[in-house]
>>> print(open('target39.txt').read())   # compact mmCIF, N, CA and C atoms
# COMPACT_ATOMS: atom_id res chain seq x y z
N MET B 253 -3.73 -17.15 -8.02
CA MET B 253 -2.79 -17.31 -6.92
C MET B 253 -3.58 -17.68 -5.68
N LEU B 254 -3.25 -18.81 -5.13
CA LEU B 254 -3.95 -19.25 -3.93
C LEU B 254 -3.15 -18.86 -2.69
N LEU B 255 -3.80 -18.12 -1.83
CA LEU B 255 -3.19 -17.73 -0.57
C LEU B 255 -3.95 -18.41 0.56
N GLN B 256 -3.23 -18.75 1.59
CA GLN B 256 -3.87 -19.33 2.77
C GLN B 256 -3.81 -18.28 3.87
N LEU B 257 -4.91 -17.58 4.05
CA LEU B 257 -4.98 -16.51 5.03
C LEU B 257 -5.68 -17.01 6.28
N ASP B 258 -5.15 -16.60 7.41
CA ASP B 258 -5.74 -16.96 8.70
C ASP B 258 -6.35 -15.71 9.30
N PHE B 259 -7.68 -15.59 9.16
CA PHE B 259 -8.37 -14.39 9.61
C PHE B 259 -8.44 -14.29 11.13
N SER B 260 -8.09 -15.35 11.84
CA SER B 260 -8.08 -15.30 13.30
C SER B 260 -6.68 -15.05 13.85
N SER B 261 -5.71 -14.91 12.99
CA SER B 261 -4.33 -14.68 13.40
C SER B 261 -4.14 -13.24 13.88
N ASP B 262 -3.17 -13.06 14.76
CA ASP B 262 -2.79 -11.73 15.21
C ASP B 262 -2.01 -10.99 14.12
N LEU B 263 -1.47 -11.73 13.16
CA LEU B 263 -0.69 -11.13 12.08
C LEU B 263 -1.64 -10.49 11.08
N PRO B 264 -1.48 -9.19 10.80
CA PRO B 264 -2.38 -8.52 9.86
C PRO B 264 -2.42 -9.23 8.50
N ILE B 265 -3.57 -9.16 7.87
CA ILE B 265 -3.77 -9.84 6.58
C ILE B 265 -2.77 -9.34 5.53
N TYR B 266 -2.50 -8.04 5.49
CA TYR B 266 -1.57 -7.54 4.49
C TYR B 266 -0.18 -8.15 4.67
N LEU B 267 0.22 -8.40 5.92
CA LEU B 267 1.51 -9.05 6.16
C LEU B 267 1.48 -10.52 5.80
N GLN B 268 0.33 -11.17 5.99
CA GLN B 268 0.20 -12.56 5.57
C GLN B 268 0.35 -12.66 4.05
N ILE B 269 -0.28 -11.74 3.33
CA ILE B 269 -0.16 -11.72 1.86
C ILE B 269 1.30 -11.47 1.49
N HIS B 270 1.90 -10.46 2.09
CA HIS B 270 3.31 -10.13 1.84
C HIS B 270 4.20 -11.36 2.06
N ASN B 271 4.04 -11.98 3.23
CA ASN B 271 4.89 -13.11 3.58
C ASN B 271 4.73 -14.28 2.62
N GLN B 272 3.51 -14.56 2.20
CA GLN B 272 3.30 -15.68 1.30
C GLN B 272 3.88 -15.41 -0.08
N ILE B 273 3.84 -14.16 -0.51
CA ILE B 273 4.46 -13.83 -1.81
C ILE B 273 5.98 -13.93 -1.70
N VAL B 274 6.55 -13.45 -0.60
CA VAL B 274 8.01 -13.58 -0.39
C VAL B 274 8.40 -15.05 -0.37
N LEU B 275 7.63 -15.88 0.34
CA LEU B 275 7.91 -17.32 0.37
C LEU B 275 7.80 -17.93 -1.03
N GLY B 276 6.82 -17.48 -1.80
CA GLY B 276 6.65 -17.98 -3.16
C GLY B 276 7.84 -17.63 -4.05
N ILE B 277 8.36 -16.42 -3.90
CA ILE B 277 9.53 -16.00 -4.68
C ILE B 277 10.75 -16.82 -4.25
N ALA B 278 10.94 -16.96 -2.93
CA ALA B 278 12.11 -17.68 -2.42
C ALA B 278 12.09 -19.15 -2.84
N SER B 279 10.91 -19.75 -2.89
CA SER B 279 10.82 -21.17 -3.23
C SER B 279 10.85 -21.43 -4.74
N GLY B 280 10.72 -20.36 -5.51
CA GLY B 280 10.70 -20.53 -6.97
C GLY B 280 9.31 -20.72 -7.53
N ALA B 281 8.29 -20.73 -6.68
CA ALA B 281 6.91 -20.84 -7.16
C ALA B 281 6.51 -19.60 -7.94
N LEU B 282 7.11 -18.46 -7.58
CA LEU B 282 6.94 -17.21 -8.33
C LEU B 282 8.31 -16.83 -8.87
N VAL B 283 8.39 -16.67 -10.17
CA VAL B 283 9.69 -16.41 -10.81
C VAL B 283 9.77 -14.97 -11.30
N PRO B 284 11.00 -14.44 -11.40
CA PRO B 284 11.16 -13.08 -11.90
C PRO B 284 10.46 -12.90 -13.25
N GLY B 285 9.75 -11.79 -13.36
CA GLY B 285 9.01 -11.49 -14.58
C GLY B 285 7.57 -11.98 -14.55
N GLU B 286 7.23 -12.82 -13.58
CA GLU B 286 5.87 -13.35 -13.49
C GLU B 286 4.92 -12.27 -13.00
N ARG B 287 3.78 -12.19 -13.65
CA ARG B 287 2.76 -11.22 -13.25
C ARG B 287 1.98 -11.74 -12.06
N LEU B 288 1.74 -10.85 -11.13
CA LEU B 288 0.89 -11.16 -9.99
C LEU B 288 -0.54 -10.73 -10.33
N PRO B 289 -1.51 -11.28 -9.64
CA PRO B 289 -2.89 -10.85 -9.89
C PRO B 289 -3.05 -9.36 -9.60
N THR B 290 -3.99 -8.74 -10.26
CA THR B 290 -4.27 -7.34 -9.97
C THR B 290 -4.75 -7.23 -8.53
N ILE B 291 -4.69 -6.05 -8.01
CA ILE B 291 -5.14 -5.81 -6.63
C ILE B 291 -6.59 -6.24 -6.49
N ARG B 292 -7.41 -5.85 -7.44
CA ARG B 292 -8.84 -6.18 -7.38
C ARG B 292 -9.06 -7.69 -7.44
N THR B 293 -8.36 -8.36 -8.35
CA THR B 293 -8.51 -9.82 -8.50
C THR B 293 -8.09 -10.55 -7.24
N LEU B 294 -6.92 -10.19 -6.71
CA LEU B 294 -6.44 -10.87 -5.51
C LEU B 294 -7.35 -10.60 -4.31
N ALA B 295 -7.84 -9.37 -4.20
CA ALA B 295 -8.76 -9.03 -3.11
C ALA B 295 -10.04 -9.87 -3.22
N ASP B 296 -10.57 -10.00 -4.42
CA ASP B 296 -11.78 -10.80 -4.62
C ASP B 296 -11.52 -12.27 -4.30
N GLU B 297 -10.40 -12.82 -4.79
CA GLU B 297 -10.08 -14.23 -4.54
C GLU B 297 -9.87 -14.52 -3.06
N ALA B 298 -9.23 -13.57 -2.36
CA ALA B 298 -8.90 -13.78 -0.95
C ALA B 298 -10.03 -13.35 -0.02
N GLY B 299 -10.99 -12.62 -0.56
CA GLY B 299 -12.09 -12.15 0.27
C GLY B 299 -11.69 -11.04 1.23
N VAL B 300 -10.80 -10.16 0.76
CA VAL B 300 -10.34 -9.05 1.58
C VAL B 300 -10.55 -7.73 0.84
N ASN B 301 -10.37 -6.65 1.56
CA ASN B 301 -10.49 -5.31 1.00
C ASN B 301 -9.34 -5.05 0.03
N MET B 302 -9.60 -4.29 -1.02
CA MET B 302 -8.55 -3.96 -1.99
C MET B 302 -7.42 -3.18 -1.34
N MET B 303 -7.72 -2.35 -0.34
CA MET B 303 -6.67 -1.58 0.33
C MET B 303 -5.70 -2.49 1.07
N THR B 304 -6.17 -3.63 1.53
CA THR B 304 -5.31 -4.60 2.21
C THR B 304 -4.28 -5.16 1.23
N VAL B 305 -4.74 -5.55 0.05
CA VAL B 305 -3.83 -6.07 -0.97
C VAL B 305 -2.89 -4.96 -1.44
N SER B 306 -3.43 -3.76 -1.61
CA SER B 306 -2.61 -2.63 -2.03
C SER B 306 -1.48 -2.37 -1.05
N LYS B 307 -1.77 -2.45 0.23
CA LYS B 307 -0.75 -2.24 1.26
C LYS B 307 0.33 -3.31 1.18
N ALA B 308 -0.07 -4.56 0.95
CA ALA B 308 0.90 -5.65 0.80
C ALA B 308 1.78 -5.42 -0.42
N TYR B 309 1.18 -5.05 -1.55
CA TYR B 309 1.93 -4.79 -2.77
C TYR B 309 2.88 -3.60 -2.59
N GLN B 310 2.43 -2.55 -1.91
CA GLN B 310 3.29 -1.40 -1.67
C GLN B 310 4.52 -1.78 -0.87
N LEU B 311 4.32 -2.61 0.15
CA LEU B 311 5.44 -3.07 0.97
C LEU B 311 6.40 -3.94 0.15
N LEU B 312 5.85 -4.83 -0.66
CA LEU B 312 6.68 -5.68 -1.52
C LEU B 312 7.48 -4.85 -2.51
N LYS B 313 6.86 -3.81 -3.04
CA LYS B 313 7.55 -2.93 -3.98
C LYS B 313 8.66 -2.17 -3.26
N GLN B 314 8.37 -1.65 -2.08
CA GLN B 314 9.35 -0.91 -1.29
C GLN B 314 10.57 -1.78 -0.97
N GLU B 315 10.34 -3.05 -0.74
CA GLU B 315 11.42 -3.98 -0.40
C GLU B 315 12.13 -4.52 -1.64
N GLY B 316 11.62 -4.21 -2.82
CA GLY B 316 12.28 -4.62 -4.07
C GLY B 316 11.88 -5.98 -4.59
N TYR B 317 10.84 -6.59 -4.01
CA TYR B 317 10.42 -7.92 -4.46
C TYR B 317 9.56 -7.86 -5.72
N ILE B 318 8.83 -6.78 -5.88
CA ILE B 318 8.01 -6.63 -7.08
C ILE B 318 8.22 -5.23 -7.66
N ARG B 319 7.82 -5.08 -8.90
CA ARG B 319 7.78 -3.76 -9.52
C ARG B 319 6.38 -3.58 -10.09
N THR B 320 5.96 -2.37 -10.20
CA THR B 320 4.62 -2.11 -10.72
C THR B 320 4.67 -1.01 -11.77
N ASP B 321 3.79 -1.13 -12.73
CA ASP B 321 3.55 -0.02 -13.65
C ASP B 321 2.12 -0.14 -14.17
N ARG B 322 1.65 0.91 -14.77
CA ARG B 322 0.23 0.97 -15.18
C ARG B 322 -0.13 -0.07 -16.23
N ARG B 323 0.81 -0.41 -17.10
CA ARG B 323 0.50 -1.33 -18.19
C ARG B 323 0.55 -2.79 -17.77
N SER B 324 1.59 -3.18 -17.03
CA SER B 324 1.75 -4.61 -16.73
C SER B 324 1.33 -4.97 -15.30
N GLY B 325 0.96 -4.00 -14.50
CA GLY B 325 0.55 -4.30 -13.13
C GLY B 325 1.73 -4.68 -12.26
N ALA B 326 1.50 -5.58 -11.32
CA ALA B 326 2.55 -6.03 -10.40
C ALA B 326 3.26 -7.24 -10.99
N VAL B 327 4.58 -7.18 -11.02
CA VAL B 327 5.41 -8.23 -11.60
C VAL B 327 6.54 -8.53 -10.62
N VAL B 328 6.87 -9.81 -10.48
CA VAL B 328 8.01 -10.19 -9.64
C VAL B 328 9.26 -9.55 -10.23
N SER B 329 10.00 -8.85 -9.40
CA SER B 329 11.17 -8.11 -9.85
C SER B 329 12.26 -9.05 -10.35
N GLU B 330 12.96 -8.60 -11.37
CA GLU B 330 14.09 -9.36 -11.90
C GLU B 330 15.21 -9.45 -10.87
N THR B 331 15.25 -8.49 -9.96
CA THR B 331 16.30 -8.47 -8.94
C THR B 331 15.81 -9.00 -7.60
N ALA B 332 14.62 -9.62 -7.59
CA ALA B 332 14.07 -10.12 -6.32
C ALA B 332 14.98 -11.14 -5.68
N GLY B 333 15.70 -11.90 -6.47
CA GLY B 333 16.58 -12.91 -5.91
C GLY B 333 18.04 -12.48 -5.88
N ALA B 334 18.31 -11.23 -6.29
CA ALA B 334 19.69 -10.77 -6.34
C ALA B 334 20.26 -10.60 -4.94
N LYS B 335 21.53 -10.82 -4.83
CA LYS B 335 22.19 -10.66 -3.53
C LYS B 335 22.31 -9.18 -3.22
N GLN B 336 21.60 -8.79 -2.17
CA GLN B 336 21.58 -7.38 -1.79
C GLN B 336 21.98 -7.18 -0.34
N GLY B 337 22.44 -8.21 0.31
CA GLY B 337 22.81 -8.10 1.71
C GLY B 337 21.58 -8.21 2.60
N ILE B 338 21.80 -8.11 3.88
CA ILE B 338 20.71 -8.24 4.84
C ILE B 338 20.34 -6.85 5.34
N PRO B 339 19.11 -6.42 5.05
CA PRO B 339 18.69 -5.10 5.52
C PRO B 339 18.61 -5.06 7.05
N ALA B 340 18.72 -3.87 7.59
CA ALA B 340 18.71 -3.68 9.05
C ALA B 340 17.43 -4.22 9.67
N ALA B 341 16.29 -4.02 9.02
CA ALA B 341 15.01 -4.50 9.57
C ALA B 341 15.00 -6.02 9.66
N MET B 342 15.58 -6.69 8.66
CA MET B 342 15.64 -8.15 8.69
C MET B 342 16.58 -8.62 9.80
N ARG B 343 17.68 -7.92 9.95
CA ARG B 343 18.63 -8.25 11.01
C ARG B 343 17.97 -8.10 12.38
N ASP B 344 17.19 -7.04 12.56
CA ASP B 344 16.49 -6.81 13.82
C ASP B 344 15.45 -7.90 14.09
N SER B 345 14.72 -8.30 13.05
CA SER B 345 13.73 -9.37 13.20
C SER B 345 14.40 -10.68 13.57
N LEU B 346 15.50 -10.96 12.92
CA LEU B 346 16.23 -12.20 13.21
C LEU B 346 16.80 -12.17 14.62
N ARG B 347 17.29 -11.01 15.04
CA ARG B 347 17.82 -10.88 16.40
C ARG B 347 16.73 -11.22 17.42
N LEU B 348 15.52 -10.76 17.19
CA LEU B 348 14.41 -11.05 18.09
C LEU B 348 14.09 -12.55 18.10
N ILE B 349 14.07 -13.17 16.93
CA ILE B 349 13.80 -14.60 16.84
C ILE B 349 14.87 -15.41 17.56
N VAL B 350 16.14 -15.03 17.39
CA VAL B 350 17.23 -15.70 18.06
C VAL B 350 17.09 -15.56 19.58
N SER B 351 16.75 -14.36 20.01
CA SER B 351 16.58 -14.11 21.45
C SER B 351 15.44 -14.95 22.03
N GLU B 352 14.33 -15.03 21.30
CA GLU B 352 13.20 -15.83 21.76
C GLU B 352 13.57 -17.31 21.83
N ALA B 353 14.29 -17.79 20.84
CA ALA B 353 14.72 -19.19 20.84
C ALA B 353 15.65 -19.46 22.02
N LYS B 354 16.56 -18.54 22.27
CA LYS B 354 17.49 -18.71 23.38
C LYS B 354 16.75 -18.75 24.71
N LEU B 355 15.77 -17.87 24.88
CA LEU B 355 14.99 -17.85 26.12
C LEU B 355 14.18 -19.13 26.31
N ARG B 356 13.84 -19.81 25.21
CA ARG B 356 13.08 -21.06 25.28
C ARG B 356 14.00 -22.27 25.44
N GLY B 357 15.30 -22.01 25.56
CA GLY B 357 16.23 -23.11 25.81
C GLY B 357 16.75 -23.80 24.57
N VAL B 358 16.54 -23.22 23.40
CA VAL B 358 17.05 -23.81 22.17
C VAL B 358 18.56 -23.56 22.11
N SER B 359 19.32 -24.62 21.90
CA SER B 359 20.77 -24.47 21.85
C SER B 359 21.21 -23.84 20.53
N HIS B 360 22.44 -23.36 20.54
CA HIS B 360 23.03 -22.77 19.34
C HIS B 360 23.00 -23.78 18.19
N GLU B 361 23.37 -25.02 18.50
CA GLU B 361 23.42 -26.07 17.48
C GLU B 361 22.02 -26.38 16.93
N GLU B 362 21.03 -26.46 17.83
CA GLU B 362 19.65 -26.73 17.38
C GLU B 362 19.15 -25.60 16.48
N PHE B 363 19.45 -24.38 16.89
CA PHE B 363 18.98 -23.23 16.12
C PHE B 363 19.64 -23.20 14.74
N ALA B 364 20.94 -23.44 14.71
CA ALA B 364 21.66 -23.46 13.44
C ALA B 364 21.15 -24.57 12.53
N ALA B 365 20.87 -25.73 13.11
CA ALA B 365 20.34 -26.85 12.33
C ALA B 365 18.96 -26.51 11.76
N LEU B 366 18.13 -25.88 12.58
CA LEU B 366 16.82 -25.47 12.10
C LEU B 366 16.94 -24.45 10.97
N CYS B 367 17.84 -23.50 11.12
CA CYS B 367 18.06 -22.50 10.06
C CYS B 367 18.51 -23.17 8.76
N ARG B 368 19.44 -24.12 8.88
CA ARG B 368 19.90 -24.85 7.68
C ARG B 368 18.75 -25.59 7.01
N THR B 369 17.92 -26.24 7.81
CA THR B 369 16.78 -26.99 7.27
C THR B 369 15.80 -26.06 6.57
N LEU B 370 15.45 -24.97 7.23
CA LEU B 370 14.49 -24.03 6.63
C LEU B 370 15.06 -23.37 5.38
N TYR B 371 16.34 -23.06 5.40
CA TYR B 371 16.98 -22.45 4.25
C TYR B 371 16.99 -23.41 3.07
N SER B 372 17.28 -24.67 3.35
CA SER B 372 17.32 -25.67 2.27
C SER B 372 15.94 -25.91 1.68
N GLU B 373 14.89 -25.72 2.46
CA GLU B 373 13.53 -25.88 1.93
C GLU B 373 13.24 -24.88 0.82
N THR B 374 13.88 -23.72 0.85
CA THR B 374 13.64 -22.73 -0.19
C THR B 374 14.38 -23.07 -1.47
N GLU B 375 15.30 -24.02 -1.40
CA GLU B 375 16.09 -24.40 -2.57
C GLU B 375 15.52 -25.59 -3.31
N GLU B 376 14.45 -26.18 -2.78
CA GLU B 376 13.88 -27.38 -3.41
C GLU B 376 12.99 -27.03 -4.56
>>> encode(input="target39.txt", output="structure tokens")
Amino acid sequence: MLLQLDFSSDLPIYLQIHNQIVLGIASGALVPGERLPTIRTLADEAGVNMMTVSKAYQLLKQEGYIRTDRRSGAVVSETAGAKQGIPAAMRDSLRLIVSEAKLRGVSHEEFAALCRTLYSETEE
């Protein structure tokens, strides 16, 4: 699994790993039932501490994107793409993004168009 990590970013590495796996699931690059690299393997490939990868996997598991067990390791959850509604944390994050866009002068129409474009990119 190739990840593109930005070590100079303000975004913590574990969140970069988390976000790229979520994007991979949404785009279909990672499919339900697919095994993810072990924590040790991914840490070695990415050049990060194993605890960093472990933290990303724990967050993904907590959010229902992956499941883990001792025998098969981390696997993309069968319900990762299931309709589960919008969690409060996601709603709060989106509210902040909308507010920032509004403060930058982005119109409602521009924002909606951008959302449609980005959403459609996950369907390709």
>>> atom_distance(input="target39.txt", atom1="atom CA of B:Asp296", atom2="atom CA of B:Thr331")
28.5 Å
>>> residues_around(input="target39.txt", residues="B:Ile291", least_positions_apart="6", cutoff="6.5 Å", atoms="only N, CA and C atoms", output="ChimeraX atom specification")
/B:302,305-306
>>> closest_residue(input="target39.txt", among="B:Leu312, B:Ala295, B:Ala326, B:Leu348", to="B:His270", atoms="only N, CA and C atoms")
B:Leu312
>>> select_by_dssp(input="target39.txt", residues="chain B", states="helix (DSSP H, G or I)", output="PyMOL selection string")
chain B and resi 265-279+291-298+302-314+340-355+360-373
>>> select_by_dssp(input="target39.txt", residues="chain B", states="strand (DSSP E or B)", output="PDB file with N, CA and C atoms, in the coordinates of the input")
ATOM      1  N   ARG B 287       3.780 -12.190 -13.650  1.00  0.00           N
ATOM      2  CA  ARG B 287       2.760 -11.220 -13.250  1.00  0.00           C
ATOM      3  C   ARG B 287       1.980 -11.740 -12.060  1.00  0.00           C
ATOM      4  N   ILE B 318       8.830  -6.780  -5.880  1.00  0.00           N
ATOM      5  CA  ILE B 318       8.010  -6.630  -7.080  1.00  0.00           C
ATOM      6  C   ILE B 318       8.220  -5.230  -7.660  1.00  0.00           C
ATOM      7  N   ARG B 319       7.820  -5.080  -8.900  1.00  0.00           N
ATOM      8  CA  ARG B 319       7.780  -3.760  -9.520  1.00  0.00           C
ATOM      9  C   ARG B 319       6.380  -3.580 -10.090  1.00  0.00           C
ATOM     10  N   THR B 320       5.960  -2.370 -10.200  1.00  0.00           N
ATOM     11  CA  THR B 320       4.620  -2.110 -10.720  1.00  0.00           C
ATOM     12  C   THR B 320       4.670  -1.010 -11.770  1.00  0.00           C
ATOM     13  N   ASP B 321       3.790  -1.130 -12.730  1.00  0.00           N
ATOM     14  CA  ASP B 321       3.550  -0.020 -13.650  1.00  0.00           C
ATOM     15  C   ASP B 321       2.120  -0.140 -14.170  1.00  0.00           C
ATOM     16  N   GLY B 325       0.960  -4.000 -14.500  1.00  0.00           N
ATOM     17  CA  GLY B 325       0.550  -4.300 -13.130  1.00  0.00           C
ATOM     18  C   GLY B 325       1.730  -4.680 -12.260  1.00  0.00           C
ATOM     19  N   ALA B 326       1.500  -5.580 -11.320  1.00  0.00           N
ATOM     20  CA  ALA B 326       2.550  -6.030 -10.400  1.00  0.00           C
ATOM     21  C   ALA B 326       3.260  -7.240 -10.990  1.00  0.00           C
ATOM     22  N   VAL B 327       4.580  -7.180 -11.020  1.00  0.00           N
ATOM     23  CA  VAL B 327       5.410  -8.230 -11.600  1.00  0.00           C
ATOM     24  C   VAL B 327       6.540  -8.530 -10.620  1.00  0.00           C
ATOM     25  N   VAL B 328       6.870  -9.810 -10.480  1.00  0.00           N
ATOM     26  CA  VAL B 328       8.010 -10.190  -9.640  1.00  0.00           C
ATOM     27  C   VAL B 328       9.260  -9.550 -10.230  1.00  0.00           C
TER      28      VAL B 328
END
